[in-house]
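**Q** Provided herewith is a single structure, encoded as structure tokens, for subsequent inquiry.
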Amino acid sequence: MKILVADDSRTTLALITESLKKMGHIVIPVNDGFKAIEAYKTQNPDLIILDVIMEGMDGFECAKRIRSIDKENEDWIPVIFLSGAVDDENIAKGIDAGGDDYLTKPFSELTLASKIKAMQRISDMRKKLYKTTQQLKILSSTDPLTGLNNRLKFENTLRIKTTEARNNNKAIALLFLDLDNFKTINDTLGHQMGDLLLQQVADRLKSCLKSKDYIARLGGDEFAIILEDLQNMKMVNEIAQKMIYIIDQPYKLENDQVTVGASIGIAYYLPKSDETITESESLLMNADIAMYHAKEVGRNNYQFYTKELHAKHHEQVDLKNSLKHAVKKNELFIKYQPVFDLNTKKIQRIEALVHWLHPKLGIIPAAVFVPMAEELGLIDEIEKNVIEQVCREASKWLSAGLTHFKISINISPRELLKKEFPINILKILEETHIPASCIEFEITETSVLTYCELSQEIINKIHEIGIGIVLDDFGTGFSSITHLKKLPINGVKIDKVFINDALLDSNSKMIVKSIISFCKNLQIDAIAEGIETEDQLKLLIQLGCPQGQGYLLSNILNNEEITALLKKEEVVNELS
């Protein structure tokens with residue numbers, strides 16, 4: 001051990017020093033209390049022996065000052081008092097000063113060695129206790145999966161930061177981040193792969209931040225970041241943009257490669273701002289509201305909290321609660337929009353579009369409630385009901401002698417990751433007596449690119465059943481051509497963004513032309529979406545686009561209207 005000895009008697013100091021060295025200890029000898037304190041600070045001894053009576057500063061006072069330093073360092077060094085006589089009063093003083101034991105003069109080396117061994121055991125136990133306490137502190141404040149701060153630590157820190165911001169008139173920003181489609185990966189690849197993904201996400205997020213920035217995992221796929229010392233909100237924009245970009249890059253999960261996006265909500269405290277929120281709970285709630293708005297406007301983006309969003313959020317909560325009841329009460333129904341041959345104007349396929357008849361708000365389109373259904377875990381039940389309903393209607397059309405139709409049904413990415421999905425579809429076709437050739441599934445290009453390796457097997461099995469595959473929103477993803485070659489695609493829908501811009505923008509026109517040419521070479525159908533003007537129709541015909549749909553060609557029709565149109569089409573086909 002390294003032992004600090006303080007005694008103003010040269011003889012006693014020399015005797016103790018010699019005895020301790022014989023025992024193999026390192027000795028730091030000093031002759032007064034002030035030097036003892038300085039030596040304690042600089043030499044880091046393992047044990048201290050203090051003479052009770054010393055000139056200038058006695059041993060009791062010296063021990064008190066050392067103990068005050070101990071408290072700051074959250075450490076504790078054993079202290080033995082050295083005294084010519086020990087009475088009750090001195091024992092009490094010694095305990096109050098922070099002492100652990102007494103050694104009376106004169107003393108034997110055996111007694112000295114025994115005292116030191118006892119203090120060594122006490123020191124070891126205290127160090128173990130301190131180490132355990134520190135580990136418990138870490139465990140209680142750290143997320144075990146990612147190593148980030150956990151929710152408890154975050155909430156305490158956020159309270160401190162918001163109080164400091166208010167008192168010091170400084171700005172802070174809170175970013176609330178939630179991964180897009182994480183549940184799908186967790187459900188299909190398993191929680192082990194989901195955990196691996198979360199660890200990689202945590203590492204990427206940390207790489208976007210400075211050492212003074214604060215990050216925590218709140219649970220599941222939710223993360224929170226506190227930014228301080230903000231010069232302007234541009235800094236927050238830059239960090240959020242960096243996070244969106246880096247999270248969006250592909251992840252390698254053992255044998256699978258996947259991509260996920262991130263939706264980020266941002267709330268902030270700015271001095272003298274109308275949007276100021278200083279309560280930590282309100283700041284977190286507002287960032288959460290902004291994050292949900294980011295999901296509503298397309299996911300994989302960031303949004304700032306505003307007062308208008310607060311009111312809209314409560315509307316969304318009410319709407320989600322209504323949707324839960326709507327699924328149970330069968331308030332969802334199907335409407336149809338035909339896809340025509342642009343030259344002959346004959347129907348080539350019919351897209352089935354699910355709608356929600358809200359008792360107070362009227363008809364709500366799928367674009368509004370499907371994201372809610374995915375978030376609430378209702379999408380599987382909804383899609384199963386839609387497929388069954390469409391197949392029942394198709395069965396009626398076949399019984400009525402209507403045979404010239406093919407129905408396209410939109411499918412969420414989740415279904416393409418379920419191994420049982422093709423089996424369930426085959427069962428529905430058998431129950432409704434519908435040939436697989438009458439059905440097509442529309443899947444978004446983005447979902448195929450996001451889960452290409454995972455979904456390709458399911459898509460191939462669907463194709464083997466005889467069901468066609470149409471790629472929706474084509475042109476909005478990346479590496480489209482590469483993935484298109486790998487999959488059994490029957491047709492692609494050219495995103496309406498390109499159709500809208502094709503008359504005014506030469507690049508959009510070239511993209512449309514290239515897609516049409518590519519589809520022709522692969523012998524698959526090119527279908528233009530959102531045709532709304534005669535000029536758009538003329539341009540598409542000029543570019544050689546074979547098929548299209550939009551309000552110029554037909555509105556969205558109810559069951560009676562589409563049945564009548566199919567009957568009319570059947571008559572025309574018979575006459576021709």
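Going by the structure tokens order, chains are called A, B, ..., each with residues numbered from 1, while ligands are numbered from 1 in the order shown.
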With only C-alpha atoms as the counted atoms, please give the residues lying no more than 8 Å from Leu566 in chain A, apart from itself and same-chain residues fewer than 2 positions off, as an mmCIF file with N, CA and C atoms, in the first residue's frame.
**A**
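Generated file (around.cif):
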```
data_model
loop_
_atom_site.group_PDB
_atom_site.id
_atom_site.type_symbol
_atom_site.label_atom_id
_atom_site.label_comp_id
_atom_site.auth_asym_id
_atom_site.auth_seq_id
_atom_site.Cartn_x
_atom_site.Cartn_y
_atom_site.Cartn_z
ATOM 1 N N LEU A 402 -69.398 -11.678 -67.473
ATOM 2 C CA LEU A 402 -68.388 -10.643 -67.750
ATOM 3 C C LEU A 402 -67.008 -11.261 -67.537
ATOM 4 N N HIS A 404 -64.015 -10.067 -69.494
ATOM 5 C CA HIS A 404 -62.896 -9.226 -69.948
ATOM 6 C C HIS A 404 -62.518 -8.205 -68.870
ATOM 7 N N PHE A 405 -61.908 -8.691 -67.817
ATOM 8 C CA PHE A 405 -61.449 -7.754 -66.778
ATOM 9 C C PHE A 405 -60.262 -8.345 -66.023
ATOM 10 N N ILE A 562 -69.129 0.552 -62.193
ATOM 11 C CA ILE A 562 -68.105 -0.241 -62.870
ATOM 12 C C ILE A 562 -68.716 -1.487 -63.494
ATOM 13 N N THR A 563 -69.752 -2.051 -62.855
ATOM 14 C CA THR A 563 -70.436 -3.212 -63.431
ATOM 15 C C THR A 563 -71.105 -2.844 -64.748
ATOM 16 N N ALA A 564 -71.749 -1.691 -64.763
ATOM 17 C CA ALA A 564 -72.400 -1.222 -65.997
ATOM 18 C C ALA A 564 -71.370 -0.982 -67.091
ATOM 19 N N LYS A 568 -71.071 -2.916 -70.743
ATOM 20 C CA LYS A 568 -70.974 -2.181 -72.001
ATOM 21 C C LYS A 568 -69.736 -2.628 -72.775
ATOM 22 N N GLU A 569 -68.636 -2.803 -72.067
ATOM 23 C CA GLU A 569 -67.387 -3.241 -72.692
ATOM 24 C C GLU A 569 -67.541 -4.640 -73.279
ATOM 25 N N GLU A 570 -68.289 -5.517 -72.566
ATOM 26 C CA GLU A 570 -68.498 -6.887 -73.028
ATOM 27 C C GLU A 570 -69.280 -6.900 -74.339
#
```
**Q** Taking 6 positions as the minimum chain separation for residues in the same chain, which residues sit within 10 Å of Lys127 in chain A when counting only C-alpha atoms? Answer as a compact mmCIF listing (two decimals) with all heavy atoms, in the first residue's frame.
**A**
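What follows is the written file selection.txt:
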```txt
# COMPACT_ATOMS: atom_id res chain seq x y z
N ASP A 75 -14.80 9.41 -3.17
CA ASP A 75 -13.84 8.36 -2.80
C ASP A 75 -13.67 8.37 -1.28
O ASP A 75 -14.11 9.28 -0.61
CB ASP A 75 -12.50 8.63 -3.50
CG ASP A 75 -11.65 7.38 -3.57
OD1 ASP A 75 -12.08 6.35 -3.03
OD2 ASP A 75 -10.56 7.45 -4.16
N TRP A 76 -13.00 7.37 -0.76
CA TRP A 76 -12.83 7.28 0.70
C TRP A 76 -11.54 6.52 0.98
O TRP A 76 -11.38 5.38 0.58
CB TRP A 76 -14.01 6.54 1.32
CG TRP A 76 -14.00 6.58 2.83
CD1 TRP A 76 -13.29 5.77 3.68
CD2 TRP A 76 -14.70 7.49 3.66
NE1 TRP A 76 -13.52 6.10 4.99
CE2 TRP A 76 -14.39 7.16 5.01
CE3 TRP A 76 -15.58 8.54 3.42
CZ2 TRP A 76 -14.92 7.84 6.10
CZ3 TRP A 76 -16.11 9.23 4.51
CH2 TRP A 76 -15.79 8.88 5.83
N ILE A 77 -10.61 7.23 1.72
CA ILE A 77 -9.34 6.62 2.10
C ILE A 77 -9.37 6.36 3.60
O ILE A 77 -9.70 7.26 4.38
CB ILE A 77 -8.15 7.55 1.76
CG1 ILE A 77 -8.18 7.92 0.28
CG2 ILE A 77 -6.82 6.88 2.13
CD1 ILE A 77 -8.05 6.75 -0.65
N ARG A 121 -8.76 -4.29 4.27
CA ARG A 121 -10.04 -4.96 3.99
C ARG A 121 -11.17 -3.94 3.85
O ARG A 121 -12.01 -4.04 2.97
CB ARG A 121 -10.36 -5.97 5.11
CG ARG A 121 -9.52 -7.23 5.05
CD ARG A 121 -10.14 -8.32 5.90
NE ARG A 121 -10.08 -8.01 7.32
CZ ARG A 121 -9.08 -8.38 8.12
NH1 ARG A 121 -8.06 -9.08 7.63
NH2 ARG A 121 -9.10 -8.06 9.40
N THR A 133 -21.70 0.67 -7.11
CA THR A 133 -22.63 1.81 -7.15
C THR A 133 -22.54 2.53 -8.48
O THR A 133 -23.56 2.90 -9.08
CB THR A 133 -22.32 2.79 -6.00
OG1 THR A 133 -22.42 2.11 -4.76
CG2 THR A 133 -23.29 3.96 -6.01
```
**Q** List the spatial neighbours of range 94-105 of chain A as a PDB file with N, CA, C and O atoms, in the first residue's frame - criterion: any atom at most 9 Å away, only C-alpha atoms, same-chain residues fewer than 3 positions off excluded.
**A**
```
ATOM      1  N   THR A  12       9.062   9.573  16.204  1.00  0.00           N
ATOM      2  CA  THR A  12       7.901   8.721  15.903  1.00  0.00           C
ATOM      3  C   THR A  12       7.740   8.542  14.397  1.00  0.00           C
ATOM      4  O   THR A  12       7.461   7.426  13.914  1.00  0.00           O
ATOM      5  N   ILE A  49      -2.162   7.823   8.108  1.00  0.00           N
ATOM      6  CA  ILE A  49      -1.955   7.737   9.558  1.00  0.00           C
ATOM      7  C   ILE A  49      -1.651   9.146  10.040  1.00  0.00           C
ATOM      8  O   ILE A  49      -0.675   9.763   9.595  1.00  0.00           O
ATOM      9  N   VAL A  52      -2.598  12.778  16.332  1.00  0.00           N
ATOM     10  CA  VAL A  52      -3.687  13.623  16.816  1.00  0.00           C
ATOM     11  C   VAL A  52      -3.174  15.019  17.180  1.00  0.00           C
ATOM     12  O   VAL A  52      -3.774  16.041  16.819  1.00  0.00           O
ATOM     13  N   GLY A  59      -4.505  16.535  14.075  1.00  0.00           N
ATOM     14  CA  GLY A  59      -4.932  15.428  13.227  1.00  0.00           C
ATOM     15  C   GLY A  59      -6.422  15.436  12.929  1.00  0.00           C
ATOM     16  O   GLY A  59      -6.860  15.045  11.832  1.00  0.00           O
ATOM     17  N   PHE A  60      -7.253  15.851  13.923  1.00  0.00           N
ATOM     18  CA  PHE A  60      -8.704  15.888  13.699  1.00  0.00           C
ATOM     19  C   PHE A  60      -9.077  16.871  12.589  1.00  0.00           C
ATOM     20  O   PHE A  60      -9.872  16.556  11.695  1.00  0.00           O
ATOM     21  N   GLU A  61      -8.513  18.065  12.648  1.00  0.00           N
ATOM     22  CA  GLU A  61      -8.797  19.083  11.633  1.00  0.00           C
ATOM     23  C   GLU A  61      -8.285  18.641  10.264  1.00  0.00           C
ATOM     24  O   GLU A  61      -8.938  18.847   9.238  1.00  0.00           O
ATOM     25  N   CYS A  62      -7.117  18.044  10.280  1.00  0.00           N
ATOM     26  CA  CYS A  62      -6.551  17.544   9.014  1.00  0.00           C
ATOM     27  C   CYS A  62      -7.473  16.492   8.387  1.00  0.00           C
ATOM     28  O   CYS A  62      -7.733  16.501   7.183  1.00  0.00           O
ATOM     29  N   ALA A  63      -7.981  15.581   9.210  1.00  0.00           N
ATOM     30  CA  ALA A  63      -8.880  14.531   8.712  1.00  0.00           C
ATOM     31  C   ALA A  63     -10.165  15.130   8.148  1.00  0.00           C
ATOM     32  O   ALA A  63     -10.680  14.676   7.108  1.00  0.00           O
ATOM     33  N   LYS A  64     -10.719  16.142   8.843  1.00  0.00           N
ATOM     34  CA  LYS A  64     -11.946  16.786   8.356  1.00  0.00           C
ATOM     35  C   LYS A  64     -11.752  17.364   6.963  1.00  0.00           C
ATOM     36  O   LYS A  64     -12.601  17.241   6.081  1.00  0.00           O
ATOM     37  N   ARG A  65     -10.604  18.054   6.771  1.00  0.00           N
ATOM     38  CA  ARG A  65     -10.356  18.679   5.470  1.00  0.00           C
ATOM     39  C   ARG A  65     -10.146  17.621   4.379  1.00  0.00           C
ATOM     40  O   ARG A  65     -10.581  17.796   3.237  1.00  0.00           O
ATOM     41  N   ILE A  66      -9.483  16.554   4.744  1.00  0.00           N
ATOM     42  CA  ILE A  66      -9.301  15.468   3.762  1.00  0.00           C
ATOM     43  C   ILE A  66     -10.641  14.838   3.397  1.00  0.00           C
ATOM     44  O   ILE A  66     -10.914  14.533   2.227  1.00  0.00           O
ATOM     45  N   ARG A  67     -11.480  14.650   4.421  1.00  0.00           N
ATOM     46  CA  ARG A  67     -12.797  14.064   4.138  1.00  0.00           C
ATOM     47  C   ARG A  67     -13.643  14.972   3.234  1.00  0.00           C
ATOM     48  O   ARG A  67     -14.438  14.484   2.437  1.00  0.00           O
ATOM     49  N   PRO A  78      -9.013   5.157   4.056  1.00  0.00           N
ATOM     50  CA  PRO A  78      -9.014   4.879   5.500  1.00  0.00           C
ATOM     51  C   PRO A  78      -8.049   5.806   6.255  1.00  0.00           C
ATOM     52  O   PRO A  78      -6.948   6.095   5.777  1.00  0.00           O
ATOM     53  N   VAL A  79      -8.466   6.234   7.451  1.00  0.00           N
ATOM     54  CA  VAL A  79      -7.652   7.112   8.294  1.00  0.00           C
ATOM     55  C   VAL A  79      -7.482   6.462   9.674  1.00  0.00           C
ATOM     56  O   VAL A  79      -8.460   6.067  10.315  1.00  0.00           O
ATOM     57  N   ILE A  80      -6.201   6.344  10.118  1.00  0.00           N
ATOM     58  CA  ILE A  80      -5.889   5.848  11.463  1.00  0.00           C
ATOM     59  C   ILE A  80      -5.286   7.017  12.257  1.00  0.00           C
ATOM     60  O   ILE A  80      -4.343   7.673  11.796  1.00  0.00           O
ATOM     61  N   PHE A  81      -5.852   7.269  13.419  1.00  0.00           N
ATOM     62  CA  PHE A  81      -5.303   8.314  14.286  1.00  0.00           C
ATOM     63  C   PHE A  81      -4.229   7.709  15.200  1.00  0.00           C
ATOM     64  O   PHE A  81      -4.399   6.588  15.723  1.00  0.00           O
ATOM     65  N   LEU A  82      -3.170   8.476  15.385  1.00  0.00           N
ATOM     66  CA  LEU A  82      -2.060   8.065  16.236  1.00  0.00           C
ATOM     67  C   LEU A  82      -2.076   8.944  17.493  1.00  0.00           C
ATOM     68  O   LEU A  82      -2.042  10.183  17.389  1.00  0.00           O
ATOM     69  N   SER A  83      -2.191   8.319  18.675  1.00  0.00           N
ATOM     70  CA  SER A  83      -2.338   9.108  19.903  1.00  0.00           C
ATOM     71  C   SER A  83      -1.646   8.418  21.072  1.00  0.00           C
ATOM     72  O   SER A  83      -1.546   7.177  21.112  1.00  0.00           O
ATOM     73  N   GLY A  84      -1.163   9.257  22.045  1.00  0.00           N
ATOM     74  CA  GLY A  84      -0.528   8.692  23.234  1.00  0.00           C
ATOM     75  C   GLY A  84      -1.539   8.079  24.167  1.00  0.00           C
ATOM     76  O   GLY A  84      -1.224   7.167  24.925  1.00  0.00           O
ATOM     77  N   ALA A  85      -2.781   8.560  24.115  1.00  0.00           N
ATOM     78  CA  ALA A  85      -3.839   8.015  24.975  1.00  0.00           C
ATOM     79  C   ALA A  85      -5.169   8.147  24.246  1.00  0.00           C
ATOM     80  O   ALA A  85      -5.406   9.099  23.522  1.00  0.00           O
ATOM     81  N   VAL A  86      -6.013   7.157  24.446  1.00  0.00           N
ATOM     82  CA  VAL A  86      -7.315   7.167  23.785  1.00  0.00           C
ATOM     83  C   VAL A  86      -8.392   7.107  24.845  1.00  0.00           C
ATOM     84  O   VAL A  86      -8.485   6.139  25.607  1.00  0.00           O
ATOM     85  N   GLU A  89     -13.686  10.813  24.817  1.00  0.00           N
ATOM     86  CA  GLU A  89     -13.823  12.100  24.126  1.00  0.00           C
ATOM     87  C   GLU A  89     -13.036  12.109  22.815  1.00  0.00           C
ATOM     88  O   GLU A  89     -13.529  12.560  21.771  1.00  0.00           O
ATOM     89  N   ASN A  90     -11.802  11.594  22.851  1.00  0.00           N
ATOM     90  CA  ASN A  90     -10.993  11.540  21.631  1.00  0.00           C
ATOM     91  C   ASN A  90     -11.576  10.588  20.583  1.00  0.00           C
ATOM     92  O   ASN A  90     -11.493  10.836  19.390  1.00  0.00           O
ATOM     93  N   ILE A  91     -12.122   9.481  21.069  1.00  0.00           N
ATOM     94  CA  ILE A  91     -12.764   8.539  20.128  1.00  0.00           C
ATOM     95  C   ILE A  91     -13.916   9.225  19.396  1.00  0.00           C
ATOM     96  O   ILE A  91     -14.053   9.111  18.176  1.00  0.00           O
ATOM     97  N   SER A 108       3.514  -1.780  18.784  1.00  0.00           N
ATOM     98  CA  SER A 108       4.380  -2.828  18.237  1.00  0.00           C
ATOM     99  C   SER A 108       4.153  -2.937  16.730  1.00  0.00           C
ATOM    100  O   SER A 108       3.108  -2.525  16.203  1.00  0.00           O
ATOM    101  N   THR A 111       1.043  -4.963  16.022  1.00  0.00           N
ATOM    102  CA  THR A 111      -0.210  -4.204  16.116  1.00  0.00           C
ATOM    103  C   THR A 111      -0.388  -3.309  14.891  1.00  0.00           C
ATOM    104  O   THR A 111      -1.489  -3.208  14.334  1.00  0.00           O
ATOM    105  N   LEU A 112       0.695  -2.646  14.491  1.00  0.00           N
ATOM    106  CA  LEU A 112       0.631  -1.772  13.310  1.00  0.00           C
ATOM    107  C   LEU A 112       0.229  -2.565  12.076  1.00  0.00           C
ATOM    108  O   LEU A 112      -0.642  -2.143  11.291  1.00  0.00           O
ATOM    109  N   LYS A 115      -3.488  -3.486  12.199  1.00  0.00           N
ATOM    110  CA  LYS A 115      -4.351  -2.338  11.891  1.00  0.00           C
ATOM    111  C   LYS A 115      -4.395  -2.067  10.381  1.00  0.00           C
ATOM    112  O   LYS A 115      -5.451  -1.787   9.811  1.00  0.00           O
ATOM    113  N   MET A 119      -7.545  -2.137   7.811  1.00  0.00           N
ATOM    114  CA  MET A 119      -7.890  -0.995   6.951  1.00  0.00           C
ATOM    115  C   MET A 119      -7.886  -1.381   5.471  1.00  0.00           C
ATOM    116  O   MET A 119      -8.662  -0.859   4.678  1.00  0.00           O
TER     117      MET A 119
END
```
**Q** Rank A:Phe107, A:Phe441, A:Asn490, A:Ala436 by their smallest atom-to-atom distance to Ile465 in chain A, using only C-alpha atoms, and report the top residue only.
**A**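 Closest candidate: A:Ala436.
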**Q** So which residues touch range 524-530 of chain A within 7 Å, counting only C-alpha atoms, skipping near sequence neighbours fewer than 4 positions away, as a list in words?
**A**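 The contact residues come out as Asn490, Gly491, Val492, Lys493, Ile494, Asp495, Lys496, Ile516, Cys519, Lys520, Cys545, Pro546, Gln547, Gly548, Gln549 and Gly550 of chain A.
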**Q** Quick one: everything within 8 Å of Met193 in chain A, counting only C-alpha atoms, minus sequence neighbours fewer than 5 positions away in the same chain. Send it as a VMD selection string.
**A** chain A and resid 185 to 186 253
**Q** Excluding Ala202 in chain A and any residue of its chain fewer than 4 positions from it, enumerate the residues within 8 Å of it, using only C-alpha atoms, and give them as a tab-separated table (two decimals) with C-alpha atoms, in the first residue's frame.
**A**
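Result file out-v6.tsv:
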```tsv
chain	number	residue	atom	x	y	z
A	146	THR	CA	-27.24	0.70	-27.93
A	148	LEU	CA	-26.99	5.42	-25.40
A	198	LEU	CA	-31.02	-0.41	-33.88
A	206	LYS	CA	-23.84	9.55	-32.91
```
